[in-house]
Amino acid sequence: MSRLTHVDLRVPFLHKMLKNPVMPASGCFSFGEEMRQFYDLNLLGAIVVKATTLDERQGNPTPRIAETPAGMLNAIGLQNPGVQAVLAHELPRLKDFRTLPVIVNVAGTAIEDYVEVVKALNSSEVVSMLELNISCPNVKCGGIQFGTDPMMASEMVKAIKAVSHFPVIVKLSPNVTDIVSMALAVEEAGADAISLINTLIGMQIDLEKRRPLLANGIGGLSGPAVKPVAVRMVYEVSQKVHVPVIGIGGIRTGEDAIEFLMAGASAVQVGTANFTDPYACPTIIEQMEAWCKEHGVAKVEQLIGAAWRK
Amino acid sequence: MSLVKVLSQRPIADQLFSITIESPSDLRKGYEPGQFLHFRITDSFDFTLRRPLSICKVDLKKRQITVVYRASGEGTRRLSRLLPGEQVDVIGPLGHGFPMHDEDQHAILIGGGIGVPPMVELGRQLRNRQMKITSVVGFASKRQAILLDELAEFGDVIVLSQDGSIGEEGLVTDALTEALCADASRFYACGPTPMLKAVKETMQIHNVPGYLSLEERMGCGIGICVGCVHPIERDQKVTNRKTCKEGPVFLAQEVVFS
C-alpha cells in the first residue's frame with residue numbers, strides 16, 4: 001500500500017460538509033471560551049456547547065466528580081446560565097468561528113421547557129443545529145426519562161421538530177435494554193441524526209465515609225472504559241437507521257475515532273479526553289490523518305461503516 | 001501544556017512529597033501564590049483526571065518550581081515515583097491566587113495539613129513587601145507536619161496538632177485569638193473545608209478581612225467540566241462558581257458554607 005501525501009478528512013453531515021469528523025461532546029467544552037486559549041477552534045469539525053435549559057440551573061451539590069479505572073463519573077446536574085444568557089453572552093462569542101457548525105445541546109425537565117428553549121434559539125444566527133439531550137442521568141426529573149421510553153422519546157422529538165428551525169440530532173442514553181428500538185423510535189419521530197452514547201449510570205463508594213462518593217449518589221460513567229459499549233451500540237444502530245449517527249464514548253486517539261467510523265458513525269464527539277488533555281481534539285484529528293496516510297485511505301468518508309456485516 | 005523535566009523529588013513527611021520541576025513556559029507570563037499546576041499522571045489515558053497541586057515555591061532565576069502534595073491515592077502515588085530526569089506533563093499556572101495588598105501591615109497565614117504549601121510562596125511574596133507575617137498551621141500529628149522551617153523565615157509560626165504530638169493540641173482556630181488578630185490587616189487560609197468554615201467565622205468575629213482557598217474535587221482544571229463548583233454570594237445572589245477558574249481563592253465573606 002502506498003503512503004499518501006494528502007487525505008480528505010471532510011465528511012458530509014446534515015447538508016453541511018464538516019472539514020473533519022471530530023467535534024467536542026457537550027458538557028466537555030463549556031461554551032468554547034476556555035478552550036480558545038489552547039488552540040484555534042476552527043480546527044474542529046463542529047462545536048457542541050453545553051446543555052442549555054430554559055432557566056438558569058445551579059446543578060448538583062459537590063462532589064460532582066470521581067475518577068474511575070480508565071474513566072470518570074460525573075453528576076454535574078446541567079448547571080448552565082439558562083437560554084437567554086446563552087443567547088446574550090455565550091453564543092455571540094462563537095461568531096469568530098463562522099466556518100464551523102455550532103450545535104447547541106438542549107435539555108430540560110418537561111417537553112414544554114425543551115420547546116421554549118428551541119423557540120428561543122430559533123432567533124440565533126450563530127446556531128446551525130440542535131442536539132436534543134434526552135439522556136442526562138443526573139437530573140431528578142426529565143432528561144433520561146425521555147431517553148429510556150421509546151413512546152416518550154418519540155413524543156419529545158415530534159414536539160421539537162414542530163418548532164425547530166434547525167436540524168435536530170437526538171442524543172441517546174445507553175441505559176436501555178434495546179438501543180435499536182430507541183433509535184428507530186426517534187428516527188420515525190423525525191430526528192435528523194442520532195448521537196450516542198451519553199454516559200452509563202454508575203456509582204462509587206467512599207470507603208471512609210461508607211456512602212456514595214458523589215453527592216448525587218449516582219453519576220454518569222464516561223471515558224475509555226465505556227468505549228466498547230459505545231462502539232457496539234453505534235454498530236447496531238447505524239445499520240438499522242437511515243439518518244447519520246455521531247459516535248461518542250471514550251475516544252482518546254485517532255485510531256479510536258476511526259474505529260467509530262468503521263462501526264458506522266459519520267462523525268465523532270470527544271468528551272472526557274478533553275479533561276485529560278485540552279489538546280485532545282486537534283491531536284485526534286492529526287492522528288486520523290496520519291492513520292489514513294499510513295493505510296492508503298484517500299478519503300476518510302470511505303471508512304464509514306467499513307466494519308458492517310458484509 | 002508543557003512537558004517539563006523532574007529535577008528532584010523526596011518524601012518530607014508521612015505520605016507527603018516535595019517535587020521540584022522545571023518551570024512550565026506559561027509561568028514566565030506571571031503567576032500568583034495560591035495558583036495551581038495541573039499534573040497529568042501518565043501519558044496514557046488510564047488516569048482520566050489530572051491532579052491539581054498548588055504552587056509551594058518558585059525560583060524564577062533557576063526556572064524551578066516546587067509543589068508539595070499528599071500521595072494518598074493511586075494517581076498521586078504514581079506521581080511520587082517519578083525520578084529526576086523523567087518528564088511530566090503540566091498545565092498552568094491555573095486559577096486565581098491570593099491577592100496581595102501593599103498597604104497591609106500584618107498578614108496571618110493559616111494552613112491546615114496539605115493546605116500549608118501555598119502559604120510558603122505567599123509568605124515569601126508578602127515578606128518582600130515588608131509585611132509582618134504570622135503563620136498558624138495545623139496538622140493531624142507530628143508525622144504530617146511540613147514546611148515549618150520555610151515558614152519560620154517569614155515570622156512567627158504557631159503550630160497545632162490534633163493529637164498534641166507537635167505544638168499545641170488543638171485546631172488552628174484555637175490560636176486565632178483576639179490578641180493575635182488585634183493588629184492583623186488580613187488573613188489568608190487554605191485547608192480542609194471544615195477548617196475554612198471555622199476560620200471564616202472566627203475571623204469575622206475579630207473583624208479581619210481575608211481570603212479562603214477552597215478545596216473541591218476538580219475535573220478538568222480549566223473551567224470546562226463544571227465539576228469543582230462552590231456556592232459564592234455576590235450582590236445578594238448565591239451562584240455555584242468554578243473553583244478551578246474563578247478560584248480557588250475567593251474573598252472569605254463571599255464563600256457560602258452549608
# chains A, B, ... in the order shown; residues from 1 in each chain; ligands from 1
>>> interface_residues(of="chain B", to="chain A", cutoff="10 Å", atoms="only C-alpha atoms", output="PyMOL selection string")
chain B and resi 1+38-51+75+89+91+216-231+238-241+245
>>> residues_around(residues="region 96-102 of chain B", least_positions_apart="5", cutoff="6 Å", atoms="only C-alpha atoms", output="list of chain:residue names")
B:Glu32, B:Pro33, B:Gly34, B:Gln35, B:Gly247, B:Val249
>>> write_last_selection(atoms="N, CA, C and O atoms", output="PDB file, in the first residue's frame")
ATOM      1  N   GLU B  32       0.656  33.788  40.514  1.00  0.00           N
ATOM      2  CA  GLU B  32       0.277  34.290  41.832  1.00  0.00           C
ATOM      3  C   GLU B  32       0.402  33.148  42.830  1.00  0.00           C
ATOM      4  O   GLU B  32       0.080  32.009  42.497  1.00  0.00           O
ATOM      5  N   PRO B  33       0.828  33.447  44.069  1.00  0.00           N
ATOM      6  CA  PRO B  33       0.770  32.394  45.085  1.00  0.00           C
ATOM      7  C   PRO B  33      -0.687  31.974  45.262  1.00  0.00           C
ATOM      8  O   PRO B  33      -1.585  32.816  45.194  1.00  0.00           O
ATOM      9  N   GLY B  34      -0.909  30.679  45.430  1.00  0.00           N
ATOM     10  CA  GLY B  34      -2.287  30.195  45.549  1.00  0.00           C
ATOM     11  C   GLY B  34      -2.804  29.602  44.253  1.00  0.00           C
ATOM     12  O   GLY B  34      -3.836  28.935  44.240  1.00  0.00           O
ATOM     13  N   GLN B  35      -2.086  29.868  43.140  1.00  0.00           N
ATOM     14  CA  GLN B  35      -2.458  29.210  41.882  1.00  0.00           C
ATOM     15  C   GLN B  35      -1.971  27.769  41.930  1.00  0.00           C
ATOM     16  O   GLN B  35      -1.186  27.392  42.794  1.00  0.00           O
ATOM     17  N   GLY B 247     -11.716  30.562  41.122  1.00  0.00           N
ATOM     18  CA  GLY B 247     -10.965  30.411  42.367  1.00  0.00           C
ATOM     19  C   GLY B 247      -9.606  29.881  42.027  1.00  0.00           C
ATOM     20  O   GLY B 247      -9.129  30.145  40.939  1.00  0.00           O
ATOM     21  N   VAL B 249      -9.068  30.729  45.049  1.00  0.00           N
ATOM     22  CA  VAL B 249      -9.101  31.712  46.127  1.00  0.00           C
ATOM     23  C   VAL B 249     -10.304  32.642  45.945  1.00  0.00           C
ATOM     24  O   VAL B 249     -10.522  33.181  44.856  1.00  0.00           O
TER      25      VAL B 249
END
>>> residues_around(residues="Ile114 (chain B)", least_positions_apart="6", cutoff="12 Å", atoms="only C-alpha atoms", output="PyMOL selection string")
chain B and resi 13-18+53-56+67-72+120+137-140+144-147+189-193+213+215
>>> residues_around(residues="Gly164 (chain B)", least_positions_apart="3", cutoff="10 Å", atoms="only C-alpha atoms", output="MDAnalysis selection string")
chainID B and resid 139:142 159:161 167:170
>>> write_last_selection(atoms="N, CA, C and O atoms", output="PDB file, in the first residue's frame")
ATOM      1  N   PHE B 139      -1.870  20.394  61.958  1.00  0.00           N
ATOM      2  CA  PHE B 139      -1.673  19.070  61.342  1.00  0.00           C
ATOM      3  C   PHE B 139      -2.398  18.027  62.182  1.00  0.00           C
ATOM      4  O   PHE B 139      -2.677  18.258  63.364  1.00  0.00           O
ATOM      5  N   ALA B 140      -2.640  16.857  61.577  1.00  0.00           N
ATOM      6  CA  ALA B 140      -3.243  15.774  62.351  1.00  0.00           C
ATOM      7  C   ALA B 140      -2.266  15.356  63.464  1.00  0.00           C
ATOM      8  O   ALA B 140      -2.650  15.214  64.616  1.00  0.00           O
ATOM      9  N   SER B 141      -0.995  15.185  63.077  1.00  0.00           N
ATOM     10  CA  SER B 141       0.024  14.834  64.072  1.00  0.00           C
ATOM     11  C   SER B 141       1.389  15.246  63.556  1.00  0.00           C
ATOM     12  O   SER B 141       1.524  15.727  62.422  1.00  0.00           O
ATOM     13  N   LYS B 142       2.410  15.041  64.380  1.00  0.00           N
ATOM     14  CA  LYS B 142       3.779  15.413  64.032  1.00  0.00           C
ATOM     15  C   LYS B 142       4.223  14.740  62.726  1.00  0.00           C
ATOM     16  O   LYS B 142       5.011  15.298  61.966  1.00  0.00           O
ATOM     17  N   VAL B 159       2.182  26.436  65.803  1.00  0.00           N
ATOM     18  CA  VAL B 159       1.874  25.086  65.322  1.00  0.00           C
ATOM     19  C   VAL B 159       0.855  24.422  66.238  1.00  0.00           C
ATOM     20  O   VAL B 159       0.952  24.523  67.457  1.00  0.00           O
ATOM     21  N   LEU B 160      -0.110  23.747  65.624  1.00  0.00           N
ATOM     22  CA  LEU B 160      -1.093  22.974  66.398  1.00  0.00           C
ATOM     23  C   LEU B 160      -1.199  21.584  65.802  1.00  0.00           C
ATOM     24  O   LEU B 160      -0.958  21.398  64.610  1.00  0.00           O
ATOM     25  N   SER B 161      -1.549  20.633  66.638  1.00  0.00           N
ATOM     26  CA  SER B 161      -1.814  19.299  66.107  1.00  0.00           C
ATOM     27  C   SER B 161      -3.006  18.720  66.854  1.00  0.00           C
ATOM     28  O   SER B 161      -3.248  19.050  68.020  1.00  0.00           O
ATOM     29  N   GLY B 167       3.608  21.059  68.663  1.00  0.00           N
ATOM     30  CA  GLY B 167       2.945  22.310  69.000  1.00  0.00           C
ATOM     31  C   GLY B 167       1.865  22.106  70.046  1.00  0.00           C
ATOM     32  O   GLY B 167       1.905  21.155  70.833  1.00  0.00           O
ATOM     33  N   GLU B 168       0.884  22.994  70.049  1.00  0.00           N
ATOM     34  CA  GLU B 168      -0.229  22.885  70.997  1.00  0.00           C
ATOM     35  C   GLU B 168      -1.246  21.875  70.472  1.00  0.00           C
ATOM     36  O   GLU B 168      -1.417  21.726  69.262  1.00  0.00           O
ATOM     37  N   GLU B 169      -1.928  21.205  71.384  1.00  0.00           N
ATOM     38  CA  GLU B 169      -3.010  20.325  70.961  1.00  0.00           C
ATOM     39  C   GLU B 169      -4.231  21.186  70.624  1.00  0.00           C
ATOM     40  O   GLU B 169      -4.631  22.036  71.426  1.00  0.00           O
ATOM     41  N   GLY B 170      -4.776  20.998  69.453  1.00  0.00           N
ATOM     42  CA  GLY B 170      -5.968  21.775  69.099  1.00  0.00           C
ATOM     43  C   GLY B 170      -6.061  22.034  67.617  1.00  0.00           C
ATOM     44  O   GLY B 170      -5.356  21.420  66.816  1.00  0.00           O
TER      45      GLY B 170
END
>>> residues_around(residues="region 301-303 of chain A", least_positions_apart="6", cutoff="8 Å", atoms="only C-alpha atoms", output="VMD selection string")
chain A and resid 9 to 11 258 261 to 262 266
>>> select_by_dssp(residues="region 3-232 of chain B", states="strand (DSSP E)", output="mmCIF file with N, CA and C atoms, in the first residue's frame")
data_model
loop_
_atom_site.group_PDB
_atom_site.id
_atom_site.type_symbol
_atom_site.label_atom_id
_atom_site.label_comp_id
_atom_site.auth_asym_id
_atom_site.auth_seq_id
_atom_site.Cartn_x
_atom_site.Cartn_y
_atom_site.Cartn_z
ATOM 1 N N LEU B 3 5.703 19.835 28.647
ATOM 2 C CA LEU B 3 6.386 18.646 29.150
ATOM 3 C C LEU B 3 7.631 19.177 29.831
ATOM 4 N N VAL B 4 7.741 18.983 31.135
ATOM 5 C CA VAL B 4 8.887 19.528 31.857
ATOM 6 C C VAL B 4 9.625 18.411 32.579
ATOM 7 N N LYS B 5 10.871 18.723 32.887
ATOM 8 C CA LYS B 5 11.731 17.720 33.495
ATOM 9 C C LYS B 5 11.591 17.752 35.015
ATOM 10 N N VAL B 6 11.566 16.581 35.618
ATOM 11 C CA VAL B 6 11.608 16.482 37.069
ATOM 12 C C VAL B 6 13.054 16.709 37.497
ATOM 13 N N LEU B 7 13.264 17.637 38.441
ATOM 14 C CA LEU B 7 14.625 17.930 38.897
ATOM 15 C C LEU B 7 14.950 17.177 40.176
ATOM 16 N N SER B 8 13.985 17.098 41.081
ATOM 17 C CA SER B 8 14.198 16.307 42.300
ATOM 18 C C SER B 8 12.858 15.951 42.907
ATOM 19 N N GLN B 9 12.858 14.909 43.701
ATOM 20 C CA GLN B 9 11.633 14.534 44.410
ATOM 21 C C GLN B 9 12.033 13.801 45.688
ATOM 22 N N ARG B 10 11.400 14.139 46.809
ATOM 23 C CA ARG B 10 11.724 13.431 48.053
ATOM 24 C C ARG B 10 10.521 13.441 48.983
ATOM 25 N N PRO B 11 10.414 12.394 49.817
ATOM 26 C CA PRO B 11 9.370 12.399 50.848
ATOM 27 C C PRO B 11 9.775 13.377 51.947
ATOM 28 N N ILE B 12 8.812 14.167 52.450
ATOM 29 C CA ILE B 12 9.162 15.118 53.522
ATOM 30 C C ILE B 12 8.394 14.818 54.803
ATOM 31 N N ALA B 13 7.385 13.977 54.726
ATOM 32 C CA ALA B 13 6.640 13.553 55.919
ATOM 33 C C ALA B 13 5.809 12.354 55.496
ATOM 34 N N LEU B 16 3.751 12.478 52.394
ATOM 35 C CA LEU B 16 3.873 13.805 51.774
ATOM 36 C C LEU B 16 5.183 13.916 51.005
ATOM 37 N N PHE B 17 5.067 14.428 49.781
ATOM 38 C CA PHE B 17 6.226 14.510 48.894
ATOM 39 C C PHE B 17 6.435 15.936 48.412
ATOM 40 N N SER B 18 7.702 16.263 48.172
ATOM 41 C CA SER B 18 8.056 17.546 47.582
ATOM 42 C C SER B 18 8.711 17.245 46.238
ATOM 43 N N ILE B 19 8.146 17.805 45.171
ATOM 44 C CA ILE B 19 8.717 17.587 43.837
ATOM 45 C C ILE B 19 9.092 18.931 43.232
ATOM 46 N N THR B 20 10.304 19.004 42.689
ATOM 47 C CA THR B 20 10.753 20.220 42.017
ATOM 48 C C THR B 20 10.903 19.910 40.539
ATOM 49 N N ILE B 21 10.279 20.747 39.720
ATOM 50 C CA ILE B 21 10.308 20.548 38.262
ATOM 51 C C ILE B 21 10.785 21.830 37.581
ATOM 52 N N GLU B 22 11.165 21.699 36.331
ATOM 53 C CA GLU B 22 11.439 22.903 35.538
ATOM 54 C C GLU B 22 10.152 23.711 35.436
ATOM 55 N N PHE B 36 -2.435 26.967 40.960
ATOM 56 C CA PHE B 36 -2.033 25.562 40.971
ATOM 57 C C PHE B 36 -1.516 25.127 39.603
ATOM 58 N N LEU B 37 -0.801 24.011 39.629
ATOM 59 C CA LEU B 37 -0.367 23.349 38.393
ATOM 60 C C LEU B 37 -1.184 22.077 38.261
ATOM 61 N N HIS B 38 -1.508 21.710 37.019
ATOM 62 C CA HIS B 38 -2.354 20.542 36.806
ATOM 63 C C HIS B 38 -1.487 19.435 36.209
ATOM 64 N N PHE B 39 -1.208 18.420 37.027
ATOM 65 C CA PHE B 39 -0.271 17.356 36.651
ATOM 66 C C PHE B 39 -0.993 16.185 36.014
ATOM 67 N N ARG B 51 -4.099 15.991 38.361
ATOM 68 C CA ARG B 51 -4.118 16.306 39.793
ATOM 69 C C ARG B 51 -3.713 17.765 39.977
ATOM 70 N N PRO B 52 -4.610 18.562 40.571
ATOM 71 C CA PRO B 52 -4.268 19.973 40.808
ATOM 72 C C PRO B 52 -3.406 20.092 42.071
ATOM 73 N N LEU B 53 -2.194 20.613 41.925
ATOM 74 C CA LEU B 53 -1.280 20.752 43.071
ATOM 75 C C LEU B 53 -0.836 22.207 43.151
ATOM 76 N N SER B 54 -0.965 22.792 44.344
ATOM 77 C CA SER B 54 -0.711 24.230 44.441
ATOM 78 C C SER B 54 0.776 24.531 44.495
ATOM 79 N N ILE B 55 1.101 25.695 43.990
ATOM 80 C CA ILE B 55 2.485 26.153 43.930
ATOM 81 C C ILE B 55 2.995 26.379 45.351
ATOM 82 N N CYS B 56 4.142 25.802 45.674
ATOM 83 C CA CYS B 56 4.716 25.980 47.011
ATOM 84 C C CYS B 56 5.903 26.942 46.985
ATOM 85 N N LYS B 57 6.807 26.752 46.038
ATOM 86 C CA LYS B 57 7.987 27.623 45.931
ATOM 87 C C LYS B 57 8.311 27.835 44.460
ATOM 88 N N VAL B 58 8.683 29.064 44.121
ATOM 89 C CA VAL B 58 9.109 29.360 42.757
ATOM 90 C C VAL B 58 10.490 29.975 42.811
ATOM 91 N N ASP B 59 11.387 29.495 41.979
ATOM 92 C CA ASP B 59 12.708 30.117 41.835
ATOM 93 C C ASP B 59 12.822 30.562 40.385
ATOM 94 N N GLN B 64 12.744 27.082 38.348
ATOM 95 C CA GLN B 64 12.297 25.862 39.029
ATOM 96 C C GLN B 64 11.039 26.160 39.819
ATOM 97 N N ILE B 65 10.239 25.136 39.978
ATOM 98 C CA ILE B 65 9.031 25.292 40.770
ATOM 99 C C ILE B 65 8.847 24.032 41.612
ATOM 100 N N THR B 66 8.433 24.249 42.863
ATOM 101 C CA THR B 66 8.256 23.122 43.778
ATOM 102 C C THR B 66 6.800 23.047 44.213
ATOM 103 N N VAL B 67 6.267 21.841 44.209
ATOM 104 C CA VAL B 67 4.951 21.625 44.809
ATOM 105 C C VAL B 67 5.085 20.514 45.849
ATOM 106 N N VAL B 68 4.240 20.616 46.872
ATOM 107 C CA VAL B 68 4.222 19.598 47.928
ATOM 108 C C VAL B 68 2.832 18.991 47.919
ATOM 109 N N TYR B 69 2.769 17.666 47.926
ATOM 110 C CA TYR B 69 1.462 17.021 47.806
ATOM 111 C C TYR B 69 1.399 15.762 48.650
ATOM 112 N N ARG B 70 0.180 15.304 48.887
ATOM 113 C CA ARG B 70 -0.035 14.075 49.634
ATOM 114 C C ARG B 70 -0.300 12.936 48.657
ATOM 115 N N GLN B 87 10.126 13.069 32.511
ATOM 116 C CA GLN B 87 9.308 14.214 32.124
ATOM 117 C C GLN B 87 7.898 14.076 32.664
ATOM 118 N N VAL B 88 7.279 15.205 32.900
ATOM 119 C CA VAL B 88 5.900 15.208 33.387
ATOM 120 C C VAL B 88 5.129 16.307 32.638
ATOM 121 N N ASP B 89 3.861 15.997 32.341
ATOM 122 C CA ASP B 89 3.003 16.895 31.566
ATOM 123 C C ASP B 89 2.219 17.779 32.546
ATOM 124 N N VAL B 90 2.470 19.090 32.443
ATOM 125 C CA VAL B 90 1.905 20.031 33.406
ATOM 126 C C VAL B 90 1.205 21.168 32.679
ATOM 127 N N ILE B 91 -0.008 21.519 33.110
ATOM 128 C CA ILE B 91 -0.685 22.724 32.613
ATOM 129 C C ILE B 91 -0.670 23.743 33.745
ATOM 130 N N GLY B 92 -0.466 24.993 33.404
ATOM 131 C CA GLY B 92 -0.563 26.017 34.442
ATOM 132 C C GLY B 92 0.590 26.985 34.402
ATOM 133 N N PRO B 93 0.599 27.908 35.339
ATOM 134 C CA PRO B 93 -0.292 28.027 36.493
ATOM 135 C C PRO B 93 -1.742 28.350 36.115
ATOM 136 N N LEU B 94 -2.662 27.763 36.875
ATOM 137 C CA LEU B 94 -4.084 27.934 36.609
ATOM 138 C C LEU B 94 -4.787 28.578 37.802
ATOM 139 N N HIS B 106 0.156 43.603 58.647
ATOM 140 C CA HIS B 106 0.337 42.306 59.313
ATOM 141 C C HIS B 106 -0.594 41.273 58.679
ATOM 142 N N ALA B 107 -0.011 40.238 58.113
ATOM 143 C CA ALA B 107 -0.829 39.191 57.486
ATOM 144 C C ALA B 107 -0.738 37.912 58.297
ATOM 145 N N ILE B 108 -1.889 37.254 58.492
ATOM 146 C CA ILE B 108 -1.906 35.952 59.170
ATOM 147 C C ILE B 108 -2.127 34.873 58.114
ATOM 148 N N LEU B 109 -1.170 33.952 58.027
ATOM 149 C CA LEU B 109 -1.281 32.844 57.073
ATOM 150 C C LEU B 109 -1.769 31.620 57.828
ATOM 151 N N ILE B 110 -2.866 31.045 57.387
ATOM 152 C CA ILE B 110 -3.470 29.917 58.109
ATOM 153 C C ILE B 110 -3.509 28.700 57.177
ATOM 154 N N GLY B 111 -2.812 27.654 57.584
ATOM 155 C CA GLY B 111 -2.775 26.455 56.740
ATOM 156 C C GLY B 111 -3.126 25.218 57.539
ATOM 157 N N GLY B 112 -3.917 24.354 56.932
ATOM 158 C CA GLY B 112 -4.252 23.087 57.587
ATOM 159 C C GLY B 112 -3.793 21.933 56.726
ATOM 160 N N LYS B 132 4.664 42.290 58.255
ATOM 161 C CA LYS B 132 4.796 41.368 59.383
ATOM 162 C C LYS B 132 3.931 40.142 59.067
ATOM 163 N N ILE B 133 4.509 38.964 59.314
ATOM 164 C CA ILE B 133 3.780 37.740 58.967
ATOM 165 C C ILE B 133 3.722 36.801 60.161
ATOM 166 N N THR B 134 2.509 36.315 60.451
ATOM 167 C CA THR B 134 2.365 35.258 61.460
ATOM 168 C C THR B 134 1.724 34.059 60.768
ATOM 169 N N SER B 135 2.341 32.892 60.915
ATOM 170 C CA SER B 135 1.758 31.683 60.339
ATOM 171 C C SER B 135 1.111 30.861 61.430
ATOM 172 N N VAL B 136 -0.089 30.382 61.158
ATOM 173 C CA VAL B 136 -0.787 29.490 62.089
ATOM 174 C C VAL B 136 -1.090 28.221 61.307
ATOM 175 N N VAL B 137 -0.429 27.127 61.677
ATOM 176 C CA VAL B 137 -0.591 25.906 60.878
ATOM 177 C C VAL B 137 -0.991 24.732 61.763
ATOM 178 N N GLY B 138 -1.855 23.900 61.217
ATOM 179 C CA GLY B 138 -2.348 22.756 61.976
ATOM 180 C C GLY B 138 -2.156 21.457 61.208
ATOM 181 N N PHE B 139 -1.870 20.394 61.958
ATOM 182 C CA PHE B 139 -1.673 19.070 61.342
ATOM 183 C C PHE B 139 -2.398 18.027 62.182
ATOM 184 N N GLY B 155 8.508 34.868 59.787
ATOM 185 C CA GLY B 155 7.999 35.406 61.047
ATOM 186 C C GLY B 155 7.589 34.294 61.990
ATOM 187 N N ASP B 156 6.795 34.647 63.003
ATOM 188 C CA ASP B 156 6.366 33.647 63.996
ATOM 189 C C ASP B 156 5.533 32.553 63.339
ATOM 190 N N VAL B 157 5.746 31.323 63.837
ATOM 191 C CA VAL B 157 4.933 30.198 63.377
ATOM 192 C C VAL B 157 4.271 29.552 64.586
ATOM 193 N N ILE B 158 2.954 29.524 64.592
ATOM 194 C CA ILE B 158 2.224 28.859 65.671
ATOM 195 C C ILE B 158 1.753 27.507 65.132
ATOM 196 N N VAL B 159 2.182 26.436 65.803
ATOM 197 C CA VAL B 159 1.874 25.086 65.322
ATOM 198 C C VAL B 159 0.855 24.422 66.238
ATOM 199 N N LEU B 160 -0.110 23.747 65.624
ATOM 200 C CA LEU B 160 -1.093 22.974 66.398
ATOM 201 C C LEU B 160 -1.199 21.584 65.802
ATOM 202 N N SER B 161 -1.549 20.633 66.638
ATOM 203 C CA SER B 161 -1.814 19.299 66.107
ATOM 204 C C SER B 161 -3.006 18.720 66.854
ATOM 205 N N GLU B 168 0.884 22.994 70.049
ATOM 206 C CA GLU B 168 -0.229 22.885 70.997
ATOM 207 C C GLU B 168 -1.246 21.875 70.472
ATOM 208 N N GLU B 169 -1.928 21.205 71.384
ATOM 209 C CA GLU B 169 -3.010 20.325 70.961
ATOM 210 C C GLU B 169 -4.231 21.186 70.624
ATOM 211 N N ARG B 186 -5.023 41.375 57.501
ATOM 212 C CA ARG B 186 -5.693 40.439 56.595
ATOM 213 C C ARG B 186 -5.270 39.010 56.921
ATOM 214 N N PHE B 187 -6.144 38.053 56.555
ATOM 215 C CA PHE B 187 -5.741 36.649 56.715
ATOM 216 C C PHE B 187 -5.870 35.921 55.386
ATOM 217 N N TYR B 188 -5.086 34.874 55.280
ATOM 218 C CA TYR B 188 -5.105 34.004 54.100
ATOM 219 C C TYR B 188 -5.195 32.574 54.606
ATOM 220 N N ALA B 189 -6.161 31.794 54.112
ATOM 221 C CA ALA B 189 -6.320 30.437 54.641
ATOM 222 C C ALA B 189 -6.481 29.403 53.544
ATOM 223 N N CYS B 190 -5.878 28.236 53.766
ATOM 224 C CA CYS B 190 -6.038 27.106 52.861
ATOM 225 C C CYS B 190 -6.036 25.836 53.699
ATOM 226 N N GLY B 210 -10.231 38.702 54.733
ATOM 227 C CA GLY B 210 -9.259 37.737 54.223
ATOM 228 C C GLY B 210 -9.776 36.901 53.090
ATOM 229 N N TYR B 211 -8.951 35.926 52.744
ATOM 230 C CA TYR B 211 -9.238 35.069 51.587
ATOM 231 C C TYR B 211 -9.173 33.605 51.974
ATOM 232 N N LEU B 212 -10.024 32.811 51.327
ATOM 233 C CA LEU B 212 -10.017 31.362 51.519
ATOM 234 C C LEU B 212 -9.672 30.686 50.190
ATOM 235 N N SER B 213 -8.776 29.719 50.242
ATOM 236 C CA SER B 213 -8.505 28.906 49.061
ATOM 237 C C SER B 213 -9.295 27.606 49.230
ATOM 238 N N VAL B 229 -17.408 23.200 41.558
ATOM 239 C CA VAL B 229 -18.027 24.469 41.974
ATOM 240 C C VAL B 229 -18.185 24.582 43.490
ATOM 241 N N HIS B 230 -18.317 25.823 43.935
ATOM 242 C CA HIS B 230 -18.652 26.104 45.340
ATOM 243 C C HIS B 230 -19.623 27.290 45.339
ATOM 244 N N PRO B 231 -20.600 27.282 46.256
ATOM 245 C CA PRO B 231 -21.541 28.422 46.295
ATOM 246 C C PRO B 231 -20.845 29.708 46.752
ATOM 247 N N ILE B 232 -20.992 30.733 45.946
ATOM 248 C CA ILE B 232 -20.366 32.027 46.218
ATOM 249 C C ILE B 232 -21.457 33.091 46.163
#
>>> residues_around(residues="Val245 (chain A)", least_positions_apart="6", cutoff="7 Å", atoms="only C-alpha atoms", output="number ranges by chain")
A: 193-195, 238, 265-266
>>> write_last_selection(atoms="all heavy atoms", output="tab-separated table (two decimals), in the first residue's frame")
chain	number	residue	atom	x	y	z
A	193	ALA	N	-30.66	13.27	12.90
A	193	ALA	CA	-29.45	12.49	13.16
A	193	ALA	C	-29.54	11.96	14.58
A	193	ALA	O	-30.38	12.42	15.37
A	193	ALA	CB	-28.19	13.34	12.99
A	194	ILE	N	-28.68	11.00	14.88
A	194	ILE	CA	-28.66	10.41	16.22
A	194	ILE	C	-27.23	10.46	16.74
A	194	ILE	O	-26.29	10.14	16.01
A	194	ILE	CB	-29.17	8.94	16.16
A	194	ILE	CG1	-30.68	8.93	15.85
A	194	ILE	CG2	-28.86	8.19	17.46
A	194	ILE	CD1	-31.22	7.55	15.52
A	195	SER	N	-27.06	10.88	17.99
A	195	SER	CA	-25.73	10.79	18.59
A	195	SER	C	-25.82	9.82	19.77
A	195	SER	O	-26.80	9.79	20.50
A	195	SER	CB	-25.22	12.17	19.02
A	195	SER	OG	-26.10	12.81	19.90
A	238	SER	N	-26.40	2.11	13.59
A	238	SER	CA	-26.12	2.71	12.28
A	238	SER	C	-26.56	1.81	11.12
A	238	SER	O	-26.80	2.29	10.02
A	238	SER	CB	-24.64	3.05	12.16
A	238	SER	OG	-23.85	1.89	12.28
A	265	ALA	N	-20.31	5.31	12.35
A	265	ALA	CA	-20.52	6.72	12.69
A	265	ALA	C	-20.08	7.61	11.54
A	265	ALA	O	-19.06	7.35	10.90
A	265	ALA	CB	-19.75	7.08	13.96
A	266	SER	N	-20.85	8.67	11.29
A	266	SER	CA	-20.47	9.66	10.26
A	266	SER	C	-19.56	10.73	10.83
A	266	SER	O	-18.89	11.45	10.10
A	266	SER	CB	-21.72	10.33	9.69
A	266	SER	OG	-22.53	9.37	9.06
>>> residues_around(residues="region 156-162 of chain A", least_positions_apart="5", cutoff="7 Å", atoms="only C-alpha atoms", output="list in words")
Ile111, Val115, Val186, Ala189, Gly190 and Ala191 of chain A
>>> write_last_selection(atoms="C-alpha atoms", output="CSV table (one decimal), in the first residue's frame")
chain,number,residue,atom,x,y,z
A,111,ILE,CA,-41.4,18.8,27.0
A,115,VAL,CA,-39.9,23.6,23.3
A,186,VAL,CA,-36.7,8.9,17.4
A,189,ALA,CA,-40.5,10.8,15.0
A,190,GLY,CA,-38.4,13.0,12.7
A,191,ALA,CA,-34.8,13.0,14.2
